[in-house]
$ cat model31.txt   # compact mmCIF, C-alpha atoms
# COMPACT_ATOMS: atom_id res chain seq x y z
CA MET F 1 66.26 -72.31 50.34
CA SER F 2 64.84 -69.15 51.85
CA THR F 3 64.53 -65.81 49.98
CA THR F 4 64.75 -62.49 51.74
CA VAL F 5 62.75 -59.64 50.19
CA ALA F 6 63.82 -56.06 51.01
CA VAL F 7 60.95 -53.74 51.61
CA ALA F 8 61.63 -50.07 51.03
CA ALA F 9 60.72 -47.80 53.86
CA PRO F 10 57.87 -45.48 53.03
CA VAL F 11 58.99 -42.00 51.97
CA PRO F 12 57.31 -39.36 54.08
CA ALA F 13 55.23 -36.92 52.10
CA PRO F 14 56.66 -33.39 52.04
CA ALA F 15 55.02 -31.01 54.39
CA VAL F 16 52.54 -28.76 52.65
CA ARG F 17 52.74 -25.15 53.66
CA ALA F 18 49.62 -23.14 53.80
CA ALA F 19 49.46 -20.64 50.99
CA VAL F 20 49.99 -17.11 52.19
CA PRO F 21 48.18 -14.58 50.00
CA ALA F 22 50.40 -11.80 48.73
CA ARG F 23 49.51 -8.42 50.14
CA LEU F 24 49.92 -5.44 47.85
CA THR F 25 50.72 -2.36 49.91
CA PHE F 26 51.10 1.22 48.81
CA LEU F 27 54.62 1.31 50.21
CA GLY F 28 55.49 -1.60 47.95
CA ILE F 29 54.02 0.20 44.95
CA LEU F 30 55.93 3.35 45.87
CA ARG F 31 59.15 1.40 46.26
CA GLY F 32 58.65 -0.11 42.82
CA GLU F 33 58.05 3.28 41.23
CA LEU F 34 61.13 4.74 42.90
CA ILE F 35 63.21 1.84 41.62
CA LYS F 36 61.85 2.29 38.09
CA LEU F 37 62.50 6.04 38.18
CA LEU F 38 66.01 5.89 39.60
CA SER F 39 67.15 2.87 37.60
CA LEU F 40 66.85 4.77 34.32
CA ARG F 41 70.00 6.46 33.10
CA SER F 42 67.87 9.18 31.47
CA THR F 43 66.52 10.15 34.91
CA TRP F 44 69.98 10.91 36.23
CA TRP F 45 70.92 12.82 33.09
CA THR F 46 67.73 14.87 33.37
CA LEU F 47 68.28 15.64 37.03
CA ALA F 48 71.90 16.58 36.41
CA ALA F 49 70.86 18.85 33.53
CA THR F 50 68.29 20.53 35.77
CA ALA F 51 70.85 21.35 38.46
CA LEU F 52 73.39 22.58 35.90
CA LEU F 53 70.86 24.74 34.06
CA MET F 54 69.67 26.36 37.27
CA THR F 55 73.26 27.06 38.34
CA GLY F 56 74.39 28.26 34.93
CA VAL F 57 71.55 30.74 34.44
CA SER F 58 71.90 32.12 37.96
CA LEU F 59 75.63 32.53 37.46
CA ALA F 60 75.05 34.33 34.14
CA VAL F 61 72.55 36.71 35.74
CA ALA F 62 74.94 37.43 38.61
CA ALA F 63 77.79 38.01 36.17
CA SER F 64 75.71 40.61 34.31
CA LEU F 65 75.06 42.70 37.41
CA ASP F 66 78.10 44.92 36.79
CA ALA F 67 76.81 45.95 33.37
CA THR F 68 73.29 46.38 34.73
CA ALA F 69 74.47 48.65 37.53
CA THR F 70 76.31 51.01 35.16
CA ASP F 71 73.46 51.23 32.63
CA PRO F 72 71.04 54.03 33.64
CA THR F 73 68.14 52.28 31.88
CA THR F 74 68.51 49.05 33.83
CA ALA F 75 69.79 50.37 37.16
CA PRO F 76 66.23 50.72 38.59
CA GLU F 77 65.58 47.07 37.76
CA LEU F 78 68.70 46.08 39.68
CA ALA F 79 67.52 48.06 42.67
CA ALA F 80 64.22 46.14 42.65
CA LEU F 81 65.95 42.77 42.33
CA SER F 82 66.81 40.65 45.34
CA GLY F 83 69.74 38.31 45.68
CA ALA F 84 67.40 35.38 46.31
CA GLU F 85 65.76 35.99 42.93
CA VAL F 86 69.15 35.92 41.25
CA VAL F 87 70.03 32.64 42.96
CA SER F 88 66.74 31.04 41.90
CA GLY F 89 66.64 32.78 38.52
CA GLY F 90 67.46 29.61 36.59
CA PHE F 91 64.36 27.73 37.67
CA GLN F 92 62.55 28.50 34.40
CA LEU F 93 65.02 26.48 32.36
CA GLY F 94 65.13 23.85 35.07
CA MET F 95 61.36 23.63 34.73
CA VAL F 96 61.77 22.46 31.13
CA THR F 97 63.76 19.36 32.02
CA ILE F 98 61.62 18.63 35.08
CA ALA F 99 58.45 18.78 32.97
CA VAL F 100 59.98 16.36 30.48
CA LEU F 101 60.82 13.99 33.33
CA GLY F 102 57.29 14.18 34.72
CA ALA F 103 55.69 13.48 31.35
CA LEU F 104 58.00 10.58 30.47
CA LEU F 105 57.42 8.93 33.83
CA MET F 106 53.99 7.86 32.58
CA THR F 107 54.19 8.05 28.78
CA GLY F 108 57.44 6.06 28.75
CA GLU F 109 55.59 3.04 30.13
CA TYR F 110 52.90 3.36 27.47
CA SER F 111 55.48 3.57 24.68
CA THR F 112 57.28 0.41 25.85
CA GLY F 113 54.14 -1.50 26.82
CA ASN F 114 55.30 -1.91 30.42
CA ILE F 115 52.12 -0.20 31.58
CA ARG F 116 50.22 -3.47 31.04
CA SER F 117 52.43 -5.29 33.54
CA THR F 118 52.20 -2.40 35.98
CA LEU F 119 48.41 -2.24 35.88
CA THR F 120 48.10 -6.02 36.03
CA ALA F 121 50.10 -6.00 39.25
CA VAL F 122 48.05 -3.08 40.59
CA PRO F 123 44.52 -3.54 39.22
CA THR F 124 43.15 -0.60 41.20
CA ARG F 125 45.46 1.60 39.06
CA VAL F 126 45.11 4.88 40.95
CA PRO F 127 47.80 3.95 43.52
CA VAL F 128 50.24 3.65 40.61
CA LEU F 129 49.64 7.27 39.64
CA ALA F 130 49.85 8.38 43.27
CA ALA F 131 53.14 6.53 43.71
CA LYS F 132 54.54 8.07 40.53
CA ALA F 133 53.51 11.52 41.77
CA ILE F 134 55.31 11.02 45.08
CA ALA F 135 58.39 9.58 43.39
CA VAL F 136 58.76 12.45 40.93
CA SER F 137 58.03 15.00 43.69
CA VAL F 138 60.81 13.59 45.87
CA ALA F 139 63.28 13.58 42.97
CA THR F 140 62.29 17.11 41.95
CA ALA F 141 62.56 18.48 45.49
CA ALA F 142 66.02 16.96 45.87
CA VAL F 143 67.38 18.31 42.60
CA ALA F 144 65.76 21.73 43.16
CA ALA F 145 67.41 22.01 46.56
CA LEU F 146 70.72 20.94 45.01
CA GLY F 147 70.34 23.47 42.20
CA ILE F 148 69.61 26.29 44.67
CA GLY F 149 72.57 25.28 46.82
CA LEU F 150 74.94 25.20 43.85
CA SER F 151 73.58 28.52 42.57
CA TYR F 152 74.03 30.11 45.98
CA ALA F 153 77.65 28.97 46.21
CA ALA F 154 78.48 29.93 42.61
CA THR F 155 76.92 33.42 42.72
CA MET F 156 78.01 34.42 46.23
CA PRO F 157 81.33 36.05 45.14
CA LEU F 158 79.55 38.10 42.47
CA LEU F 159 76.57 39.04 44.61
CA SER F 160 78.81 40.14 47.47
CA GLU F 161 80.22 42.91 45.28
CA HIS F 162 76.73 44.42 45.12
CA ASP F 163 75.76 43.56 48.69
CA MET F 164 73.08 41.21 47.39
CA VAL F 165 74.01 37.90 49.01
CA PRO F 166 70.70 36.40 50.26
CA ALA F 167 70.54 36.38 54.05
CA LEU F 168 69.69 32.87 55.22
CA ASP F 169 68.04 34.25 58.37
CA GLU F 170 65.45 36.27 56.44
CA ALA F 171 61.95 34.96 55.72
CA GLN F 172 61.94 36.51 52.23
CA THR F 173 64.94 34.42 51.21
CA TRP F 174 63.27 31.16 52.21
CA GLN F 175 60.02 32.27 50.62
CA VAL F 176 61.79 32.57 47.28
CA PHE F 177 63.77 29.35 47.69
CA GLY F 178 60.78 27.41 48.96
CA GLY F 179 58.58 28.83 46.22
CA THR F 180 61.10 27.71 43.62
CA VAL F 181 61.03 24.13 44.92
CA TYR F 182 57.24 24.26 45.15
CA PHE F 183 56.80 25.48 41.58
CA LEU F 184 59.19 22.91 40.13
CA ILE F 185 57.30 20.12 41.89
CA ALA F 186 54.01 21.53 40.56
CA ALA F 187 55.48 21.61 37.04
CA ALA F 188 56.49 17.95 37.32
CA LEU F 189 53.04 16.93 38.59
CA PHE F 190 51.31 18.95 35.87
CA ALA F 191 53.35 17.19 33.21
CA LEU F 192 52.68 13.81 34.84
CA GLY F 193 48.94 14.47 34.79
CA VAL F 194 49.00 15.60 31.17
CA GLY F 195 51.06 12.53 30.25
CA THR F 196 48.48 10.29 31.94
CA LEU F 197 45.71 11.94 29.96
CA LEU F 198 47.41 11.97 26.54
CA ARG F 199 49.59 8.83 26.80
CA SER F 200 51.86 10.37 24.17
CA SER F 201 55.35 11.62 25.01
CA THR F 202 55.38 14.19 22.22
CA GLY F 203 51.89 15.46 22.96
CA ALA F 204 52.38 15.61 26.73
CA ILE F 205 55.72 17.43 26.53
CA THR F 206 54.33 19.89 23.96
CA VAL F 207 51.25 20.70 26.04
CA ALA F 208 53.19 20.93 29.30
CA LEU F 209 55.88 23.26 27.98
CA SER F 210 53.34 25.37 26.09
CA VAL F 211 51.27 26.02 29.21
CA LEU F 212 54.21 26.37 31.57
CA LEU F 213 56.56 28.47 29.46
CA LEU F 214 55.42 29.33 25.93
CA LEU F 215 52.00 30.89 26.53
CA PRO F 216 53.16 33.36 29.21
CA THR F 217 56.00 34.45 26.96
CA VAL F 218 53.81 34.98 23.91
CA LEU F 219 50.60 36.35 25.42
CA VAL F 220 52.42 39.01 27.43
CA PHE F 221 52.80 41.02 24.19
CA ILE F 222 49.01 41.19 23.73
CA THR F 223 47.60 44.20 25.56
CA LEU F 224 43.92 43.22 25.57
CA ASP F 225 42.47 43.31 29.08
CA TRP F 226 40.99 39.81 29.01
CA VAL F 227 44.25 38.38 27.69
CA GLU F 228 46.17 40.05 30.50
CA VAL F 229 43.79 38.45 33.02
CA ILE F 230 44.41 35.02 31.46
CA VAL F 231 48.17 35.58 31.59
CA ASP F 232 48.03 36.39 35.30
CA TYR F 233 46.42 33.00 35.96
CA LEU F 234 48.94 30.97 33.98
CA PRO F 235 51.32 28.99 36.21
CA LEU F 236 54.53 30.92 35.52
CA PRO F 237 53.09 34.40 36.23
CA ALA F 238 51.17 33.01 39.21
CA SER F 239 54.43 31.71 40.64
CA GLY F 240 55.73 35.28 40.69
CA ALA F 241 53.17 36.13 43.35
CA PHE F 242 55.16 34.21 45.95
CA LEU F 243 58.57 34.38 44.29
CA GLY F 244 58.52 38.17 44.53
CA GLY F 245 57.11 38.80 41.07
CA GLY F 246 56.55 42.04 39.33
CA GLU F 247 57.54 43.67 36.10
CA ASP F 248 61.18 43.74 37.21
CA SER F 249 61.19 40.17 38.47
CA LEU F 250 63.07 37.30 36.93
CA SER F 251 60.26 34.92 37.72
CA ALA F 252 57.09 36.33 36.22
CA VAL F 253 55.48 38.99 34.07
CA GLY F 254 52.89 40.37 36.46
CA ASP F 255 52.07 40.97 40.08
CA GLU F 256 48.28 41.03 40.04
CA LEU F 257 47.79 38.03 42.34
CA SER F 258 48.35 37.82 46.07
CA PRO F 259 50.89 35.25 47.33
CA VAL F 260 48.11 32.99 48.62
CA THR F 261 46.22 33.18 45.33
CA GLY F 262 49.40 32.43 43.42
CA ILE F 263 50.03 29.34 45.53
CA LEU F 264 46.47 28.11 44.98
CA VAL F 265 46.60 28.71 41.22
CA VAL F 266 49.84 26.77 40.87
CA ALA F 267 48.42 23.98 43.05
CA ALA F 268 45.36 23.78 40.80
CA TYR F 269 47.56 23.33 37.72
CA ALA F 270 49.26 20.42 39.48
CA LEU F 271 46.20 18.70 40.96
CA VAL F 272 43.52 19.07 38.27
CA PRO F 273 45.40 17.14 35.53
CA LEU F 274 46.37 14.49 38.09
CA MET F 275 42.76 13.98 39.18
CA ALA F 276 41.57 13.89 35.57
CA GLY F 277 44.36 11.45 34.77
CA ALA F 278 43.32 9.22 37.68
CA VAL F 279 39.76 9.05 36.31
CA THR F 280 40.88 8.18 32.78
CA LEU F 281 43.43 5.68 34.08
CA ARG F 282 40.64 3.71 35.76
CA ARG F 283 38.24 3.88 32.85
CA ARG F 284 40.45 3.31 29.81
CA ASP F 285 42.21 0.14 28.79
CA ALA F 286 45.98 0.07 28.86
$ encode --input "model31.txt" --output "structure tokens"
Amino acid sequence: MSTTVAVAAPVPAPAVRAAVPARLTFLGILRGELIKLLSLRSTWWTLAATALLMTGVSLAVAASLDATATDPTTAPELAALSGAEVVSGGFQLGMVTIAVLGALLMTGEYSTGNIRSTLTAVPTRVPVLAAKAIAVSVATAAVAALGIGLSYAATMPLLSEHDMVPALDEAQTWQVFGGTVYFLIAAALFALGVGTLLRSSTGAITVALSVLLLLPTVLVFITLDWVEVIVDYLPLPASGAFLGGGEDSLSAVGDELSPVTGILVVAAYALVPLMAGAVTLRRRDA
């Protein structure tokens, strides 16, 4: 009696693919930061609040022009005011929410502990801060442009009664509008840099709003010469140099700086904290 034995065919070994090392690019880091920024509900609320505050304040200023024109004590101020300044007049309150957004973009990750995962994925660290700076700048520029557009549309009927509608073919109009966007971006970057240095949401927001808004408002009442010099070089008064500042301006308290100097001063407030934050981000543990 014969016995047949079945022999199983050999199973071919699965093909082994060569490992492809992952390449971390700056565009990938930037994409991740944009996703993190725009996926937060608080971001959209903050951006919406910024646009509404800018529009609301500009509309309130435009609505008060009738009373200003009939009051002999304020009529000269109205004569020195341009329609573009009225349209962009709400940027100071918009700056508050933008500064909060810039600070929380970094301090929020420290408070939740997500910064450890972020820095583990990007061990060089500095590209993370650079990507955050670009992301918040893009968001700020978009909402600032939206706020100016809404303010222009809302105030046009009121400004037309006083022949103050900003002419879109004039360089002065775009200087004010562009300066408004520029200053809001600088405020966001300043707050981001301070947040990177302090790692505390409360501390970063307090410092940012104090330097950007509180100090110019308080120190302007001190008439000492050296204090007045300091006030001129704070970011809000410096912004008035290219927003059309002056004692009758909505944007600043002084006009001691030239437009170029004002631009450079505001840029320094944005870049110096960012550079200091980049150094501390590399040296300190998360």
$ closest_residue --input "model31.txt" --among "F:Thr280, F:Ser39, F:Ser82, F:Thr46" --to "Thr196 of chain F" --atoms "all atoms listed in the file"
F:Thr280
$ atom_distance --input "model31.txt" --atom1 "atom CA of Ala99 of chain F" --atom2 "atom CA of Thr50 of chain F"
10.4 Å
$ closest_residue --input "model31.txt" --among "F:Ala139, F:Thr124, F:Ala167, F:Leu47" --to "Thr97 of chain F" --atoms "all atoms listed in the file"
F:Leu47
$ residues_near_point --input "model31.txt" --point "(67.9, 18.7, 44.7)" --cutoff "12 Å" --atoms "all atoms listed in the file" --output "number ranges by chain"
F: 44, 46-52, 54-55, 91, 94, 98, 136-151, 177, 180-181, 184-185
$ closest_residue --input "model31.txt" --among "F:Val279, F:Leu274, F:Leu234, F:Leu38" --to "Leu257 of chain F" --atoms "only C-alpha atoms"
F:Leu234
$ atom_distance --input "model31.txt" --atom1 "atom CA of Val266 of chain F" --atom2 "atom CA of Pro235 of chain F"
5.4 Å
$ closest_residue --input "model31.txt" --among "F:Leu30, F:Leu65, F:Leu236, F:Lys132" --to "Val96 of chain F" --atoms "only C-alpha atoms"
F:Leu236
$ closest_residue --input "model31.txt" --among "F:Ser117, F:Ile222, F:Gly83, F:Val229" --to "Leu168 of chain F" --atoms "all atoms listed in the file"
F:Gly83
$ closest_atom_pairs --input "model31.txt" --of "segment 156-206 of chain F" --to "segment 213-221 of chain F" --cutoff "12 Å" --atoms "all atoms listed in the file" --output "CSV"
residue,atom,partner,partner_atom,distance
F:Ala187,CA,F:Leu213,CA,10.3
F:Ile205,CA,F:Leu213,CA,11.5
F:Thr206,CA,F:Leu214,CA,9.7
$ write_last_selection --input "model31.txt" --atoms "C-alpha atoms" --output "short mmCIF file (atom, residue, chain, number, x, y, z; two decimals), in the coordinates of the input"
data_model
loop_
_atom_site.label_atom_id
_atom_site.label_comp_id
_atom_site.auth_asym_id
_atom_site.auth_seq_id
_atom_site.Cartn_x
_atom_site.Cartn_y
_atom_site.Cartn_z
CA ALA F 187 55.48 21.61 37.04
CA ILE F 205 55.72 17.43 26.53
CA THR F 206 54.33 19.89 23.96
#
$ atom_distance --input "model31.txt" --atom1 "atom CA of Pro127 of chain F" --atom2 "atom CA of Thr25 of chain F"
9.4 Å
$ residues_around --input "model31.txt" --residues "Phe242 of chain F" --least-positions-apart "2" --cutoff "8 Å" --atoms "all atoms listed in the file" --output "NGL selection string"
:F and (175-176 or 179 or 238-240 or 244-245 or 258-260 or 262-263)
$ closest_residue --input "model31.txt" --among "F:Leu198, F:Met106, F:Val265, F:Ile29" --to "Val231 of chain F" --atoms "only C-alpha atoms"
F:Val265
